[in-house]
Each structure stands twice: as C-alpha cells, then as structure tokens.
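*Asks:* Below is the file data-v5.pdb, which contains PDB, C-alpha atoms and all ligand atoms.
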```
MODEL        1
ATOM      1  CA  MET A 960     149.656  68.158  90.562
ATOM      2  CA  MET A 961     149.069  67.779  86.844
ATOM      3  CA  SER A 962     151.639  68.751  84.198
ATOM      4  CA  LYS A 963     150.095  71.997  82.938
ATOM      5  CA  THR A 964     149.818  73.233  86.535
ATOM      6  CA  HIS A 965     153.498  72.499  87.196
ATOM      7  CA  LEU A 966     154.423  74.376  84.002
ATOM      8  CA  ALA A 967     152.236  77.409  84.729
ATOM      9  CA  VAL A 968     153.273  77.680  88.378
ATOM     10  CA  GLY A 969     156.941  77.012  87.505
ATOM     11  CA  VAL A 970     157.001  79.968  85.107
ATOM     12  CA  GLY A 971     154.846  82.181  87.345
ATOM     13  CA  THR A 972     157.048  81.551  90.388
ATOM     14  CA  ALA A 973     160.247  82.124  88.396
ATOM     15  CA  LEU A 974     158.875  85.442  87.059
ATOM     16  CA  ALA A 975     157.606  86.540  90.478
ATOM     17  CA  LEU A 976     160.818  85.746  92.374
ATOM     18  CA  THR A 977     163.378  86.959  89.815
ATOM     19  CA  GLN A 978     161.361  89.965  88.548
ATOM     20  CA  PRO A 979     163.155  90.047  85.149
ATOM     21  CA  GLN A 980     163.480  93.524  83.614
ATOM     22  CA  THR A 981     164.700  92.438  80.171
ATOM     23  CA  ALA A 982     163.399  90.207  77.367
ATOM     24  CA  LYS A 983     166.319  87.835  77.982
ATOM     25  CA  GLY A 984     165.391  87.600  81.663
ATOM     26  CA  CYS A 985     161.780  86.788  80.730
ATOM     27  CA  CYS A 986     162.970  84.073  78.303
ATOM     28  CA  LEU A 987     165.169  82.566  81.015
ATOM     29  CA  ALA A 988     162.228  82.575  83.442
ATOM     30  CA  ILE A 989     160.029  80.787  80.892
ATOM     31  CA  ILE A 990     162.653  78.215  79.878
ATOM     32  CA  GLY A 991     163.970  77.685  83.427
ATOM     33  CA  GLY A 992     160.484  77.658  84.935
ATOM     34  CA  ILE A 993     159.032  75.051  82.576
ATOM     35  CA  LEU A 994     162.129  72.831  82.546
ATOM     36  CA  GLY A 995     162.472  72.902  86.334
ATOM     37  CA  GLY A 996     158.713  72.720  86.823
ATOM     38  CA  MET A 997     158.402  69.545  84.776
ATOM     39  CA  MET A 998     161.737  67.823  85.442
ATOM     40  CA  PRO A 999     160.750  65.857  88.609
ATOM     41  CA  ASP A1000     157.977  64.051  86.706
ATOM     42  CA  ILE A1001     160.371  62.303  84.306
ATOM     43  CA  ASP A1002     159.795  59.251  86.547
ATOM     44  CA  ILE A1003     156.977  58.396  84.160
ATOM     45  CA  LEU A1004     157.087  54.575  84.198
ATOM     46  CA  ASP A1005     155.707  54.453  87.766
ATOM     47  CA  ASN A1006     153.471  57.531  87.398
ATOM     48  CA  GLU A1007     149.721  56.924  87.641
ATOM     49  CA  HIS A1008     149.280  59.942  85.348
ATOM     50  CA  MET A1009     151.806  58.685  82.792
ATOM     51  CA  MET A1010     150.140  60.148  79.673
ATOM     52  CA  ASP A1011     149.734  63.518  81.358
ATOM     53  CA  ALA A1012     153.456  63.496  82.259
ATOM     54  CA  ILE A1013     154.401  62.617  78.673
ATOM     55  CA  HIS A1014     152.187  65.427  77.339
ATOM     56  CA  GLY A1015     153.926  67.766  79.786
ATOM     57  CA  GLN A1016     157.367  66.743  78.512
ATOM     58  CA  ILE A1017     156.247  67.370  74.909
ATOM     59  CA  ILE A1018     154.891  70.823  75.820
ATOM     60  CA  VAL A1019     158.194  71.655  77.561
ATOM     61  CA  ALA A1020     160.209  70.636  74.489
ATOM     62  CA  GLY A1021     157.902  72.622  72.160
ATOM     63  CA  MET A1022     157.834  75.745  74.331
ATOM     64  CA  THR A1023     161.608  75.700  74.884
ATOM     65  CA  ALA A1024     162.210  75.389  71.148
ATOM     66  CA  ALA A1025     159.694  78.173  70.383
ATOM     67  CA  VAL A1026     161.276  80.573  72.912
ATOM     68  CA  LEU A1027     164.777  79.838  71.572
ATOM     69  CA  VAL A1028     163.655  80.442  67.965
ATOM     70  CA  MET A1029     162.034  83.783  68.957
ATOM     71  CA  ASP A1030     165.166  84.701  70.933
ATOM     72  CA  HIS A1031     167.375  83.864  67.960
ATOM     73  CA  PHE A1032     165.490  86.172  65.592
ATOM     74  CA  ALA A1033     164.846  88.948  68.123
ATOM     75  CA  ARG A1034     168.424  88.753  69.473
ATOM     76  CA  TRP A1035     167.357  88.930  73.102
ATOM     77  CA  GLY A1036     170.579  87.197  74.195
ATOM     78  CA  VAL A1037     169.786  83.625  75.294
ATOM     79  CA  CYS A1038     171.017  82.000  72.060
ATOM     80  CA  LYS A1039     174.033  84.314  72.058
ATOM     81  CA  GLU A1040     174.999  83.042  75.518
ATOM     82  CA  LEU A1041     174.330  79.454  74.437
ATOM     83  CA  PHE A1042     176.515  79.677  71.341
ATOM     84  CA  SER A1043     179.320  81.449  73.194
ATOM     85  CA  ARG A1044     179.671  78.574  75.686
ATOM     86  CA  ASP A1045     182.720  76.329  75.581
ATOM     87  CA  PRO A1046     181.628  73.445  73.279
ATOM     88  CA  MET A1047     183.061  70.894  75.730
ATOM     89  CA  LEU A1048     180.821  72.214  78.498
ATOM     90  CA  LEU A1049     177.811  71.929  76.168
ATOM     91  CA  ILE A1050     178.755  68.359  75.269
ATOM     92  CA  TRP A1051     179.226  67.388  78.925
ATOM     93  CA  GLY A1052     175.937  69.067  79.770
ATOM     94  CA  ILE A1053     174.080  67.130  77.068
ATOM     95  CA  ILE A1054     175.712  63.847  78.151
ATOM     96  CA  ALA A1055     174.788  64.557  81.800
ATOM     97  CA  TRP A1056     171.226  65.420  80.693
ATOM     98  CA  ILE A1057     170.823  62.144  78.756
ATOM     99  CA  VAL A1058     172.316  60.010  81.561
ATOM    100  CA  LEU A1059     170.197  61.662  84.277
ATOM    101  CA  TYR A1060     167.084  61.441  82.109
ATOM    102  CA  GLY A1061     167.737  57.722  81.614
ATOM    103  CA  ILE A1062     168.223  57.249  85.358
ATOM    104  CA  GLY A1063     165.036  59.172  86.167
ATOM    105  CA  ILE A1064     162.542  57.466  83.838
ATOM    106  CA  PRO A1065     162.354  54.080  85.641
ATOM    107  CA  GLN A1066     162.587  55.527  89.191
ATOM    108  CA  PRO A1067     159.679  54.907  91.604
ATOM    109  CA  HIS A1068     157.319  57.906  91.293
ATOM    110  CA  ARG A1069     157.994  60.713  93.786
ATOM    111  CA  GLY A1070     161.374  59.201  94.769
ATOM    112  CA  PHE A1071     164.823  60.380  93.656
ATOM    113  CA  THR A1072     163.566  62.911  91.095
ATOM    114  CA  HIS A1073     161.363  64.528  93.775
ATOM    115  CA  SER A1074     164.193  64.940  96.306
ATOM    116  CA  LEU A1075     166.708  67.604  97.273
ATOM    117  CA  LEU A1076     169.447  65.291  95.983
ATOM    118  CA  GLY A1077     167.562  65.081  92.671
ATOM    119  CA  LEU A1078     167.300  68.879  92.580
ATOM    120  CA  ILE A1079     171.096  69.157  92.861
ATOM    121  CA  ALA A1080     171.774  66.353  90.346
ATOM    122  CA  TYR A1081     169.266  67.585  87.747
ATOM    123  CA  THR A1082     170.612  71.143  87.992
ATOM    124  CA  ILE A1083     174.092  70.051  86.831
ATOM    125  CA  PRO A1084     173.212  69.823  83.082
ATOM    126  CA  VAL A1085     171.551  73.255  83.161
ATOM    127  CA  ALA A1086     174.570  74.764  84.927
ATOM    128  CA  LEU A1087     176.830  73.347  82.203
ATOM    129  CA  ILE A1088     174.626  74.346  79.243
ATOM    130  CA  LEU A1089     172.987  77.662  80.257
ATOM    131  CA  PRO A1090     174.182  78.904  83.675
ATOM    132  CA  SER A1091     172.037  82.051  83.631
ATOM    133  CA  ALA A1092     168.905  79.836  83.595
ATOM    134  CA  VAL A1093     169.901  78.061  86.832
ATOM    135  CA  PRO A1094     168.082  80.385  89.305
ATOM    136  CA  CYS A1095     164.778  80.121  87.386
ATOM    137  CA  TYR A1096     165.258  76.375  86.869
ATOM    138  CA  VAL A1097     165.845  75.794  90.604
ATOM    139  CA  ILE A1098     162.773  77.907  91.423
ATOM    140  CA  GLY A1099     160.670  75.906  88.939
ATOM    141  CA  PHE A1100     161.960  72.590  90.329
ATOM    142  CA  ALA A1101     161.339  73.705  93.925
ATOM    143  CA  SER A1102     157.804  74.856  93.028
ATOM    144  CA  HIS A1103     157.101  71.329  91.736
ATOM    145  CA  LEU A1104     158.268  69.755  95.011
ATOM    146  CA  VAL A1105     156.234  72.206  97.105
ATOM    147  CA  MET A1106     153.057  71.588  95.075
ATOM    148  CA  ASP A1107     153.463  67.805  95.235
ATOM    149  CA  LEU A1108     153.975  68.103  99.000
ATOM    150  CA  LEU A1109     150.441  69.505  99.207
ATOM    151  CA  ASN A1110     149.002  66.238  97.840
ATOM    152  CA  LYS A1111     147.990  63.078  99.634
ATOM    153  CA  ARG A1112     150.872  60.914  98.318
ATOM    154  CA  ASN A1113     154.324  61.098  99.916
ATOM    155  CA  ILE A1114     157.410  62.414  98.181
ATOM    156  CA  ARG A1115     160.855  61.203  99.328
ATOM    157  CA  LEU A1116     162.280  64.673  99.776
ATOM    158  CA  LEU A1117     165.366  63.415 101.660
ATOM    159  CA  PHE A1118     166.147  60.501  99.287
ATOM    160  CA  PRO A1119     168.029  58.138  99.796
ATOM    161  CA  LEU A1120     166.465  58.212 103.263
ATOM    162  CA  ASN A1121     163.218  56.300 103.155
ATOM    163  CA  TRP A1122     161.099  58.976 104.818
ATOM    164  CA  GLY A1123     158.089  60.271 102.907
ATOM    165  CA  PHE A1124     156.503  63.684 103.319
ATOM    166  CA  CYS A1125     153.152  65.166 102.330
ATOM    167  CA  PHE A1126     150.787  67.720 103.830
ATOM    168  CA  GLY A1127     147.731  65.923 102.437
ATOM    169  CA  VAL A1128     145.691  69.089 101.931
ATOM    170  CA  CYS A1129     144.486  68.472  98.352
ATOM    171  CA  TYR A1130     144.272  66.011  95.478
ATOM    172  CA  ALA A1131     146.651  66.228  92.502
ATOM    173  CA  ASN A1132     143.902  66.495  89.894
ATOM    174  CA  LYS A1133     140.963  68.315  91.477
ATOM    175  CA  ALA A1134     139.938  71.860  92.456
ATOM    176  CA  ALA A1135     143.277  72.987  93.948
ATOM    177  CA  ASN A1136     145.045  71.853  90.788
ATOM    178  CA  GLN A1137     142.736  74.000  88.644
ATOM    179  CA  ILE A1138     143.083  77.023  90.937
ATOM    180  CA  LEU A1139     146.899  76.817  90.869
ATOM    181  CA  LEU A1140     146.899  76.291  87.090
ATOM    182  CA  TYR A1141     144.835  79.400  86.327
ATOM    183  CA  THR A1142     146.610  81.499  88.974
ATOM    184  CA  GLY A1143     150.051  80.628  87.552
ATOM    185  CA  LEU A1144     148.893  81.066  83.969
ATOM    186  CA  SER A1145     147.140  84.409  84.450
ATOM    187  CA  PHE A1146     149.987  85.855  86.553
ATOM    188  CA  SER A1147     152.561  84.796  83.921
ATOM    189  CA  LEU A1148     150.563  86.227  81.015
ATOM    190  CA  ILE A1149     149.906  89.544  82.790
ATOM    191  CA  PHE A1150     153.568  89.844  83.822
ATOM    192  CA  LEU A1151     154.870  89.084  80.309
ATOM    193  CA  PHE A1152     152.310  91.382  78.647
ATOM    194  CA  HIS A1153     153.353  94.167  80.999
ATOM    195  CA  ARG A1154     157.080  93.644  80.301
ATOM    196  CA  PHE A1155     156.792  93.363  76.523
ATOM    197  CA  PHE A1156     153.956  95.760  75.632
ATOM    198  CA  LEU A1157     153.664  98.438  78.359
TER     199      LEU A1157
HETATM  200 ZN    ZN B   1     155.667  65.336  90.666
ENDMDL
END
```
Could you render the structure as structure tokens?
Ligand SMILES: [Zn+2]

*Replies:*
Amino acid sequence: MMSKTHLAVGVGTALALTQPQTAKGCCLAIIGGILGGMMPDIDILDNEHMMDAIHGQIIVAGMTAAVLVMDHFARWGVCKELFSRDPMLLIWGIIAWIVLYGIGIPQPHRGFTHSLLGLIAYTIPVALILPSAVPCYVIGFASHLVMDLLNKRNIRLLFPLNWGFCFGVCYANKAANQILLYTGLSFSLIFLFHRFFL
C-alpha cells in the first residue's frame, strides 16, 4: 500500500486496539502508529514507489515532532516520560535506530524490514527510547505487514527463510488503497475528536 494509507491505518489500528482514555495515550497511539506503520518501508532503494516512501518518512518525522511539541506545552506526559529516561538508554536507542535504519535502506524491498524478525529488531530502539509507545508501534508495524500481504507482490515474512507470502487480493495503489486510507483517516479523526472535545 502507499505511504499515507500505512500512516492512517497504523494510527487507526493503534487507537482501535488500545482504546486510549487519556491525551497521553492518544499521543502514543499517533506516534507509535505512524512510526510502526511506516517503518517497514525504509527499504527505499529497491522500492518501486521510492518517492512516495520518502514523502511518508518526511510526514512521519513532521507529525512526530508536532505531537511532541504539543505534548510538551500541554504537559500530557509523553515528553515527561522521555526526559525521565536514563540518558544511556536514550543514547543506545538512538544508536540502535541509526544502525538499523542504515541496514534497512539498501535491503531488497519487502525483505528483512517486512518480516517478523524485522518487527522484533526495529522494536528495540523504541523499547529503549519510549517503552510506553511499544504496543502502538508493534500494532502499526503489524498493520503494515498485513496490508502489504493483501497485495500481489510477496513479502518475506519469515526472513531469513526465502519463502514469500501474499494473498494477491488487491493492488498497492488502486481502489483498495484509497478505501483503506479514508477508512483509517476518518476513524482516527472521529476517535481523536471524541476523546479531546466530547
Ligand atoms: Zn511495505
């Protein structure tokens, strides 16, 4: 699927499955959902939709920064948790993030970063930096794998085994992609509006 769909469904699935009752919980669902939802597509060098993947990464960085700035001023609690972490854990988390990012970029598309092993590896930095975001991050990551499984190109879910899996029920950039995008987006907006304003 395309980047915006992975972001919208990542957040929507994280909100739906964790049902956050607080502003902090909603922030964690947004940050975890978009980071996890977009992380598998860091294998951009072999991605036929390379520009779309890069746009997705930029949106993730912008949205994460925006949520953290709002959290900082509104004191919802995400920044408080971040700044109360052991600095060594933060440093190790950032190092792990950079190393894993570097490993992921040149990978064959839909290989390691789209596998269960990749899910475990790419969760390590989040667990070190912001543990409370891990459930939403894992949900977002898993939603990406499930949506890509629907397409007509294999993902190597059991990497390093060479087996590829796909259900082949839809294309990554056609009607199903649009339906999932608007479903994820509208559910997320309604949920967040309800939590914050009603
Ligand atoms: Zn993907």

*Asks:* Given the PyMOL selection byres (((chain A and resi 997) around 9) and not hetatm) and the file above, list the residues it selects as a ChimeraX atom specification.

*Replies:* /A:962-963,965-966,969,992-996,998-1001,1012,1015-1016,1019,1099-1100,1103

*Asks:* Would you mind exporting the chosen residues as an mmCIF file, keeping the file's coordinate frame, restricted to C-alpha atoms?

*Replies:*
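New file part-v1.cif:
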```cif
data_model
loop_
_atom_site.group_PDB
_atom_site.id
_atom_site.type_symbol
_atom_site.label_atom_id
_atom_site.label_comp_id
_atom_site.auth_asym_id
_atom_site.auth_seq_id
_atom_site.Cartn_x
_atom_site.Cartn_y
_atom_site.Cartn_z
ATOM 1 C CA SER A 962 151.639 68.751 84.198
ATOM 2 C CA LYS A 963 150.095 71.997 82.938
ATOM 3 C CA HIS A 965 153.498 72.499 87.196
ATOM 4 C CA LEU A 966 154.423 74.376 84.002
ATOM 5 C CA GLY A 969 156.941 77.012 87.505
ATOM 6 C CA GLY A 992 160.484 77.658 84.935
ATOM 7 C CA ILE A 993 159.032 75.051 82.576
ATOM 8 C CA LEU A 994 162.129 72.831 82.546
ATOM 9 C CA GLY A 995 162.472 72.902 86.334
ATOM 10 C CA GLY A 996 158.713 72.720 86.823
ATOM 11 C CA MET A 998 161.737 67.823 85.442
ATOM 12 C CA PRO A 999 160.750 65.857 88.609
ATOM 13 C CA ASP A 1000 157.977 64.051 86.706
ATOM 14 C CA ILE A 1001 160.371 62.303 84.306
ATOM 15 C CA ALA A 1012 153.456 63.496 82.259
ATOM 16 C CA GLY A 1015 153.926 67.766 79.786
ATOM 17 C CA GLN A 1016 157.367 66.743 78.512
ATOM 18 C CA VAL A 1019 158.194 71.655 77.561
ATOM 19 C CA GLY A 1099 160.670 75.906 88.939
ATOM 20 C CA PHE A 1100 161.960 72.590 90.329
ATOM 21 C CA HIS A 1103 157.101 71.329 91.736
#
```

*Asks:* Translate the PyMOL selection byres (((chain A and resi 1118-1122) around 8) and not hetatm) into a concrete residue list for this structure, as a list in words.

*Replies:* Gly1070, Phe1071, Ser1074, Leu1075, Leu1076, Arg1115, Leu1116, Leu1117, Gly1123 and Phe1124 of chain A

*Asks:* Report as a VMD selection string the residues that result from applying the PyMOL selection byres (((chain A and resi 1007) around 12) and not hetatm) to the structure here.

*Replies:* chain A and resid 960 to 961 1000 1002 to 1006 1008 to 1013 1067 to 1069 1112 1131 to 1132

*Asks:* Let me make sure I understand: among A:Cys985, A:Leu1109, A:Phe1155, A:Cys1125, which one has the smallest atom-to-atom distance to Leu1139 of chain A if we use all atoms listed in the file?

*Replies:*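 The closest residue to Leu1139 of chain A is A:Leu1109.
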
*Asks:* If we count all atoms listed in the file and set the cut-off at 7 Å, which residues sit around Gly1052 of chain A, ignoring sequence neighbours fewer than 3 positions away in its own chain? Please answer as an MDAnalysis selection string.

*Replies:* chainID A and resid 1048:1049 1055:1056 1084:1085 1087:1088

*Asks:* From the set A:Ser1102, A:Gln1137, A:Ser1091, A:Thr977, which residue has the shortest atom-to-atom contact distance to ligand ZN 1 (chain B), counting only C-alpha atoms and all ligand atoms?

*Replies:* A:Ser1102

*Asks:* Would you please work out which residue, of A:Val1105, A:Ile1079, A:Leu1144, A:Ile1149, is nearest to ligand ZN 1 (chain B) when using only C-alpha atoms and all ligand atoms?

*Replies:* A:Val1105

*Asks:* Would you mind telling me which residue in A:Thr1142, A:Asn1110, A:Ser1043, A:Thr981 lies nearest to ligand ZN 1 (chain B) when using all atoms listed in the file?

*Replies:* A:Asn1110

*Asks:* Give the answer as one residue: which of A:Ile990, A:Ile1138, A:Tyr1060, A:Phe1146 has the shortest atom-to-atom distance to Leu1027 of chain A, using all atoms listed in the file?

*Replies:* A:Ile990

*Asks:* Residues at most 8 Å from segment 1028-1038 of chain A, counting all atoms listed in the file, excluding those fewer than 4 positions away in the same chain, as an mmCIF file with C-alpha atoms, in the coordinates of the input?

*Replies:*
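As a result, selection18.cif now contains:
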```cif
data_model
loop_
_atom_site.group_PDB
_atom_site.id
_atom_site.type_symbol
_atom_site.label_atom_id
_atom_site.label_comp_id
_atom_site.auth_asym_id
_atom_site.auth_seq_id
_atom_site.Cartn_x
_atom_site.Cartn_y
_atom_site.Cartn_z
ATOM 1 C CA ALA A 982 163.399 90.207 77.367
ATOM 2 C CA LYS A 983 166.319 87.835 77.982
ATOM 3 C CA CYS A 986 162.970 84.073 78.303
ATOM 4 C CA LEU A 987 165.169 82.566 81.015
ATOM 5 C CA ALA A 1024 162.210 75.389 71.148
ATOM 6 C CA PHE A 1042 176.515 79.677 71.341
#
```

*Asks:* Quick check, in Å to one decimal: how far apart do atom CA of Ala1134 of chain A and atom CA of Met1106 of chain A lie?

*Replies:* 13.4 Å

*Asks:* Can you work out which one of A:Leu1059, A:Leu1108, A:Val1128, A:Leu1041 has the shortest atom-to-atom distance to ligand ZN 1 (chain B), counting all atoms listed in the file?

*Replies:* A:Leu1108

*Asks:* Hey, can you check how far atom CA of Ala988 of chain A sits from atom CA of Val968 of chain A?

*Replies:*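 Between these atoms lies a distance of 11.3 Å.
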